[in-house]
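> Questions regarding the structure given below will be posed in turn.
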Amino acid sequence: TKRIGFQERTKEAIQNAVKTPRTIDMNLVNAQQARRVLDRLVGFELSPVLWRKVKPSLSAGRVQSVAVRILVEREREIFAHVPQSSYHTTATFVMSDGHTLKGEVSKRFEKREEAEAFLRSCMGASFEIKNVEKKPATRTPAPPFTTSTLQQEASRKLGFSVTQTMSIAQRLYEAGLITYMRTDSTNLADVAIRTAAAHIVENMGKEYHKVRTYKTKTKGAQEAHEAIRPTYLSNQTIEGTAQEKKLYDLIWKRTIASQMADAQLERTNIVISANGVAQDFVSTAEVVVFDGFLKVYAESTDDEVAETEVATLPRVNVGETLRAKDMQSKERWSQKPVRYSEAALVRKLEELGIGRPSTYAPTISTIQQRGYVVKENREGTPRKYNLLTLTSKDVVLSEKEEIAGAEKNKLFPTDIGMLVTDFLLEHFEEVMSYDFTASVEKQFDDIAEGALQWQEVISDFYKPFNVKVKDVMENSQKNTGERILGVDPKSGKTVSVRVGRFGPMAQIGDTQDENDKPQYSSLRHGQHIETITLEEALALFELPRHIGEYEGKEVVIGIGRFGPYIRHNSVFTSLKKGEDDPYTITLETAIERIEAKRKADSEKLIKEFAEDVDMKILNGRWGPYISFGKSNVKIPKGTDVADLTYEKCKALCDEALKDAGDKKTKSKATSTTKSKSSKVATKKTK
């Protein structure tokens, strides 16, 4: 049996592959087999342990559990972070020709008194340019895309999720527009290098071209593969959806830029000082002298706001005097560790040697589907800070407010994700080890090269692992992450938090007390069983809240089976998700929600009947329908709703109920027949 291989879906590539088939490499088959067997052994053995010892319906995996561990460890770093404040001093200086120059003090003052003293020392001071230093700098283009770097850049520049990027790339590949999108190689074919050179020289000039060959740094990378590039670089644009066009444009620009000249920059540092002032001000700028590859493409980072920042500075001379126009010290706080985005997690997995290009997207998708991780935006919280401003007479202190800690599209581990990670680290430390997961990938590479027997690798892992699984199953305690917070001052009962059947929850009382059942309440969004306080837990039991009266009836806020609600005059109104907090919503907002529901309901009602109050014609999402008790009945197409009488509606409802009954009877009969057939087949088999 022969195998053909091609990396792009074009006529030429496939014809060439058919002309040069190869025999199947059993070493590669064995490596793939070993990877699949090991992944199933870990998943199938560990998951039942989690069902028994933590919570039903959980899962574990060789790569997914380690990915969750990365996020959990970062979250705990954030929990442990204690913000430290300091004062950052900046100033705007005016030159003799009217140009302005912004500078900042590199030293951060730890105390307000220090910042205040420094500003006072600047009062009336004569500033001058002490030093001007210019340094040439070079910026080199990034290599062509691999699976990992494509996922990261599409996330930063286009806002695509990892799964979304791979889905769009798959469509582009199937259409023959790009080369294969699962690769860890940065190589480009000779034809791509020649085509890129011709395009660059023709459209931008010889000075913009530079031939580059890239070597992949990833361990075990398959150098025979190519980087992700357009199949035909001469096609700068394509037909397709807006998302396909955006991703193709990104790939095209990155490929072209990789064959372009370096960008030449000039970095300028200007030092501004004054007699009697202890600290210098520094003004820095980076000017692009020759744009080179930046003419086409600039690589993003996780932290930057703008893609390329090109600053300009006025002409300055050493010894030139300046006038301080504005000067202030602003209170700043030390930054907590940054949570991972999908792109950042992909980069971290790649750095640790965990997983392969084809596994990043399904891994990140799986840990979200399992409820171990959520990807979401978090609004910041108001924070007050001090601002010291230097005036002509004194230093003025004012208190300002800002929104701090806002995050967008970041990965947050859930309580269950943390609990599972802790359990696996306690009992299966080797499987959760970064070194083990990376070393297994190295063993798979060795199997692919024929240096190791795959059965031996699996056997060496499985024998001790299986013994450990049995031991944990038999001897370990069930782990719910329970934490005792204290005592409820009203009842004197114990207050605790843990992960329950439906997620993290708080509890007042003991389940062992048969005469007095405990009270339960789910934790609020953003609360963790590790960090919640006694006061925060007790506040969860304040619902239902009686927040006032409207139209002589009480307005009550509560949380039910379908989420937070307002109850007024025996009518329930849902709170707006993401906007209304059941613990803080005011009477005014509640009234707005009640009136909005009334308006929506009035617009929904088309006709009601005096013969039966349960029979109504309502306007739904897909048009009018009949509501009869707990049943909703479709109105046949072409029917004029105005002509529908009570008798006609009743007939439609009766017919619909009869059809439903007939289908149910038929389904039951079919099921019985299948069951009998199965029994007969079993007898014959026996």
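Residue names in the structure tokens use chain letters A, B, ... in the order shown, residue numbers from 1 in each chain, and ligand numbers from 1 in the order shown.
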Please provide as a ChimeraX atom specification all residues within 12 Å of Leu41 (chain A), with the sequence filter that same-chain residues fewer than 6 positions apart are discarded (counting only C-alpha atoms).
/A:34-35,47-48,60-62,431,458-459,461-463,465-466,469
> Given only C-alpha atoms as the basis, pick out the residue of A:Leu172, A:Ala197, A:Ala298, A:Leu150 nearest to Val346 (chain A).
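Checking each of A:Leu172, A:Ala197, A:Ala298, A:Leu150 against Val346 (chain A), counting only C-alpha atoms, the winner is A:Leu150.
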> Show which residues sit within 9 Å of region 333-343 of chain A, as a PyMOL selection string. Count only C-alpha atoms, and ignore same-chain residues fewer than 2 positions away.
chain A and resi 71+74-75+77-79+81-87+148-149+151-156+161-162+302+331+345-348+364+375+407-412
> Print the selection's residues with C-alpha atoms to a file, as a CSV table (one decimal), in the first residue's frame.

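Listing of again_14.csv after writing:
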chain,number,residue,atom,x,y,z
A,71,LEU,CA,-4.7,28.6,34.5
A,74,ARG,CA,-2.0,31.9,37.5
A,75,GLU,CA,-5.4,32.5,39.3
A,77,GLU,CA,-1.0,34.1,41.9
A,78,ILE,CA,-3.7,36.7,41.4
A,79,PHE,CA,-5.4,35.8,44.6
A,81,HIS,CA,-1.2,39.4,44.9
A,82,VAL,CA,-1.2,42.4,47.3
A,83,PRO,CA,-1.3,45.7,45.4
A,84,GLN,CA,1.4,48.2,46.4
A,85,SER,CA,0.9,51.8,45.6
A,86,SER,CA,3.5,54.3,44.4
A,87,TYR,CA,3.6,57.7,42.7
A,148,SER,CA,0.3,28.3,17.1
A,149,THR,CA,1.4,31.7,15.8
A,151,GLN,CA,-4.0,31.2,16.4
A,152,GLN,CA,-2.2,33.9,18.5
A,153,GLU,CA,-2.2,36.6,15.9
A,154,ALA,CA,-5.8,35.9,14.8
A,155,SER,CA,-6.8,36.3,18.4
A,156,ARG,CA,-4.9,39.6,18.9
A,161,SER,CA,-11.1,32.3,19.2
A,162,VAL,CA,-8.6,29.5,18.7
A,302,ASP,CA,-0.6,40.5,24.1
A,331,GLU,CA,-0.9,57.2,42.5
A,345,LEU,CA,-2.3,29.9,26.7
A,346,VAL,CA,-1.4,28.4,23.3
A,347,ARG,CA,2.0,30.1,23.5
A,348,LYS,CA,2.5,28.8,27.0
A,364,ILE,CA,-8.9,24.9,24.8
A,375,LYS,CA,-13.9,32.7,28.7
A,407,GLU,CA,-10.5,42.3,31.4
A,408,LYS,CA,-11.6,41.2,28.0
A,409,ASN,CA,-11.7,37.7,26.6
A,410,LYS,CA,-9.6,36.1,29.3
A,411,LEU,CA,-9.8,32.5,30.6
A,412,PHE,CA,-11.0,32.2,34.2
> Hey, which of A:Leu587, A:Ala651, A:Ala242, A:Ala642 ends up closest to Glu608 (chain A)? Count only C-alpha atoms.
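Using only C-alpha atoms, the shortest distance to Glu608 (chain A) belongs to A:Ala642.
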> Taking the chain letters and numbering used in this document, name the residues of region 301-535 of chain A that DSSP puts in helix (DSSP H, G or I), as a ChimeraX atom specification.
/A:342-352,360-369,415-427,429-432,434-448,454-475,534-535
> May I have the selected residues written with C-alpha atoms, as a PDB file, in the first residue's frame?

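Heads up, here's the output in out13.pdb:
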ATOM      1  CA  GLU A 342      -6.594  31.802  24.474  1.00  0.00           C
ATOM      2  CA  ALA A 343      -3.640  33.051  22.431  1.00  0.00           C
ATOM      3  CA  ALA A 344      -1.415  33.383  25.504  1.00  0.00           C
ATOM      4  CA  LEU A 345      -2.345  29.880  26.678  1.00  0.00           C
ATOM      5  CA  VAL A 346      -1.440  28.443  23.270  1.00  0.00           C
ATOM      6  CA  ARG A 347       1.955  30.148  23.500  1.00  0.00           C
ATOM      7  CA  LYS A 348       2.507  28.815  27.023  1.00  0.00           C
ATOM      8  CA  LEU A 349       1.630  25.237  25.997  1.00  0.00           C
ATOM      9  CA  GLU A 350       4.033  25.538  23.069  1.00  0.00           C
ATOM     10  CA  GLU A 351       6.826  26.897  25.308  1.00  0.00           C
ATOM     11  CA  LEU A 352       6.395  23.967  27.702  1.00  0.00           C
ATOM     12  CA  TYR A 360      -4.283  23.315  20.891  1.00  0.00           C
ATOM     13  CA  ALA A 361      -7.759  24.229  19.610  1.00  0.00           C
ATOM     14  CA  PRO A 362      -9.580  21.065  20.804  1.00  0.00           C
ATOM     15  CA  THR A 363      -7.829  21.250  24.193  1.00  0.00           C
ATOM     16  CA  ILE A 364      -8.909  24.855  24.838  1.00  0.00           C
ATOM     17  CA  SER A 365     -12.411  24.087  23.563  1.00  0.00           C
ATOM     18  CA  THR A 366     -12.711  20.985  25.775  1.00  0.00           C
ATOM     19  CA  ILE A 367     -11.725  22.644  29.058  1.00  0.00           C
ATOM     20  CA  GLN A 368     -14.400  25.293  28.441  1.00  0.00           C
ATOM     21  CA  GLN A 369     -17.070  22.748  27.514  1.00  0.00           C
ATOM     22  CA  ASP A 415     -14.164  26.399  41.322  1.00  0.00           C
ATOM     23  CA  ILE A 416     -14.685  22.923  39.894  1.00  0.00           C
ATOM     24  CA  GLY A 417     -11.613  23.402  37.678  1.00  0.00           C
ATOM     25  CA  MET A 418      -9.567  24.328  40.744  1.00  0.00           C
ATOM     26  CA  LEU A 419     -10.946  21.425  42.769  1.00  0.00           C
ATOM     27  CA  VAL A 420     -10.183  18.859  40.047  1.00  0.00           C
ATOM     28  CA  THR A 421      -6.672  20.300  39.596  1.00  0.00           C
ATOM     29  CA  ASP A 422      -5.965  20.050  43.341  1.00  0.00           C
ATOM     30  CA  PHE A 423      -7.254  16.471  43.480  1.00  0.00           C
ATOM     31  CA  LEU A 424      -5.175  15.341  40.497  1.00  0.00           C
ATOM     32  CA  LEU A 425      -2.040  17.108  41.793  1.00  0.00           C
ATOM     33  CA  GLU A 426      -2.452  15.424  45.176  1.00  0.00           C
ATOM     34  CA  HIS A 427      -2.941  11.897  43.843  1.00  0.00           C
ATOM     35  CA  GLU A 429       1.349  14.377  40.450  1.00  0.00           C
ATOM     36  CA  GLU A 430       3.327  12.673  37.674  1.00  0.00           C
ATOM     37  CA  VAL A 431       0.514  12.940  35.115  1.00  0.00           C
ATOM     38  CA  MET A 432       0.032  16.613  36.015  1.00  0.00           C
ATOM     39  CA  TYR A 434       4.808  19.783  33.026  1.00  0.00           C
ATOM     40  CA  ASP A 435       8.053  17.828  32.618  1.00  0.00           C
ATOM     41  CA  PHE A 436       6.214  14.507  32.280  1.00  0.00           C
ATOM     42  CA  THR A 437       3.789  15.836  29.668  1.00  0.00           C
ATOM     43  CA  ALA A 438       6.644  17.357  27.656  1.00  0.00           C
ATOM     44  CA  SER A 439       8.855  14.236  28.017  1.00  0.00           C
ATOM     45  CA  VAL A 440       6.004  12.059  26.710  1.00  0.00           C
ATOM     46  CA  GLU A 441       5.924  14.236  23.579  1.00  0.00           C
ATOM     47  CA  LYS A 442       9.689  13.604  23.215  1.00  0.00           C
ATOM     48  CA  GLN A 443       9.104   9.852  23.524  1.00  0.00           C
ATOM     49  CA  PHE A 444       6.459  10.011  20.797  1.00  0.00           C
ATOM     50  CA  ASP A 445       9.032  11.743  18.569  1.00  0.00           C
ATOM     51  CA  ASP A 446      11.555   8.997  19.363  1.00  0.00           C
ATOM     52  CA  ILE A 447       8.974   6.346  18.430  1.00  0.00           C
ATOM     53  CA  ALA A 448       8.375   8.191  15.139  1.00  0.00           C
ATOM     54  CA  TRP A 454       5.703   2.075  21.497  1.00  0.00           C
ATOM     55  CA  GLN A 455       4.491  -0.940  23.528  1.00  0.00           C
ATOM     56  CA  GLU A 456       7.366  -0.499  25.986  1.00  0.00           C
ATOM     57  CA  VAL A 457       6.628   3.196  26.443  1.00  0.00           C
ATOM     58  CA  ILE A 458       2.970   2.484  27.181  1.00  0.00           C
ATOM     59  CA  SER A 459       3.779  -0.422  29.486  1.00  0.00           C
ATOM     60  CA  ASP A 460       6.329   1.572  31.518  1.00  0.00           C
ATOM     61  CA  PHE A 461       3.697   4.244  32.122  1.00  0.00           C
ATOM     62  CA  TYR A 462       0.597   2.108  32.613  1.00  0.00           C
ATOM     63  CA  LYS A 463       1.688  -0.475  35.178  1.00  0.00           C
ATOM     64  CA  PRO A 464       2.458   1.956  38.048  1.00  0.00           C
ATOM     65  CA  PHE A 465      -0.317   4.306  36.914  1.00  0.00           C
ATOM     66  CA  ASN A 466      -2.959   1.566  37.085  1.00  0.00           C
ATOM     67  CA  VAL A 467      -1.827   0.558  40.591  1.00  0.00           C
ATOM     68  CA  LYS A 468      -2.117   4.206  41.687  1.00  0.00           C
ATOM     69  CA  VAL A 469      -5.632   4.520  40.207  1.00  0.00           C
ATOM     70  CA  LYS A 470      -6.862   1.475  42.132  1.00  0.00           C
ATOM     71  CA  ASP A 471      -5.277   2.731  45.356  1.00  0.00           C
ATOM     72  CA  VAL A 472      -6.883   6.193  45.049  1.00  0.00           C
ATOM     73  CA  MET A 473     -10.262   4.692  44.176  1.00  0.00           C
ATOM     74  CA  GLU A 474     -10.213   2.456  47.266  1.00  0.00           C
ATOM     75  CA  ASN A 475      -8.472   4.563  49.893  1.00  0.00           C
ATOM     76  CA  LEU A 534     -18.065  34.924  56.042  1.00  0.00           C
ATOM     77  CA  GLU A 535     -19.802  38.268  55.461  1.00  0.00           C
TER      78      GLU A 535
END
> For the strand (DSSP E or B) assignment from backbone DSSP, which residues of region 31-100 of chain A qualify? Please present them as a list in words.
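DSSP on the backbone gives strand (DSSP E or B) at Ser85, Ser86, Tyr87, His88, Thr89, Thr90, Ala91, Thr92, Phe93, Val94 and Thr100 of chain A.
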> For Arg139 (chain A), which residue out of A:Asp262, A:Glu45, A:Asp654, A:Glu110 is the nearest one, using only C-alpha atoms?
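Smallest distance to Arg139 (chain A) is found for A:Asp262.
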> Using Å and a single decimal, report how far CA of Tyr625 (chain A) sits from CA of Lys604 (chain A).
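About the pair CA of Lys604 (chain A) and CA of Tyr625 (chain A): they are 10.4 Å apart.
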> Tell me which protein, DNA and RNA residues are within 9 Å of Ala117 (chain A), counting only C-alpha atoms, leaving out same-chain ones fewer than 5 positions away, and put them as a PyMOL selection string.
chain A and resi 112+122+395
> Keeping only N, CA, C and O atoms, write the selected residues to a file as an mmCIF file, in the first residue's frame.

data_model
loop_
_atom_site.group_PDB
_atom_site.id
_atom_site.type_symbol
_atom_site.label_atom_id
_atom_site.label_comp_id
_atom_site.auth_asym_id
_atom_site.auth_seq_id
_atom_site.Cartn_x
_atom_site.Cartn_y
_atom_site.Cartn_z
ATOM 1 N N ARG A 112 3.383 59.214 49.555
ATOM 2 C CA ARG A 112 2.849 60.467 49.044
ATOM 3 C C ARG A 112 3.726 61.642 49.452
ATOM 4 O O ARG A 112 3.941 62.581 48.672
ATOM 5 N N CYS A 122 10.585 71.172 42.484
ATOM 6 C CA CYS A 122 10.538 71.608 41.084
ATOM 7 C C CYS A 122 9.902 72.991 40.922
ATOM 8 O O CYS A 122 9.932 73.569 39.824
ATOM 9 N N VAL A 395 1.536 72.566 46.056
ATOM 10 C CA VAL A 395 1.146 71.251 45.532
ATOM 11 C C VAL A 395 -0.277 70.969 46.012
ATOM 12 O O VAL A 395 -0.549 70.978 47.214
#
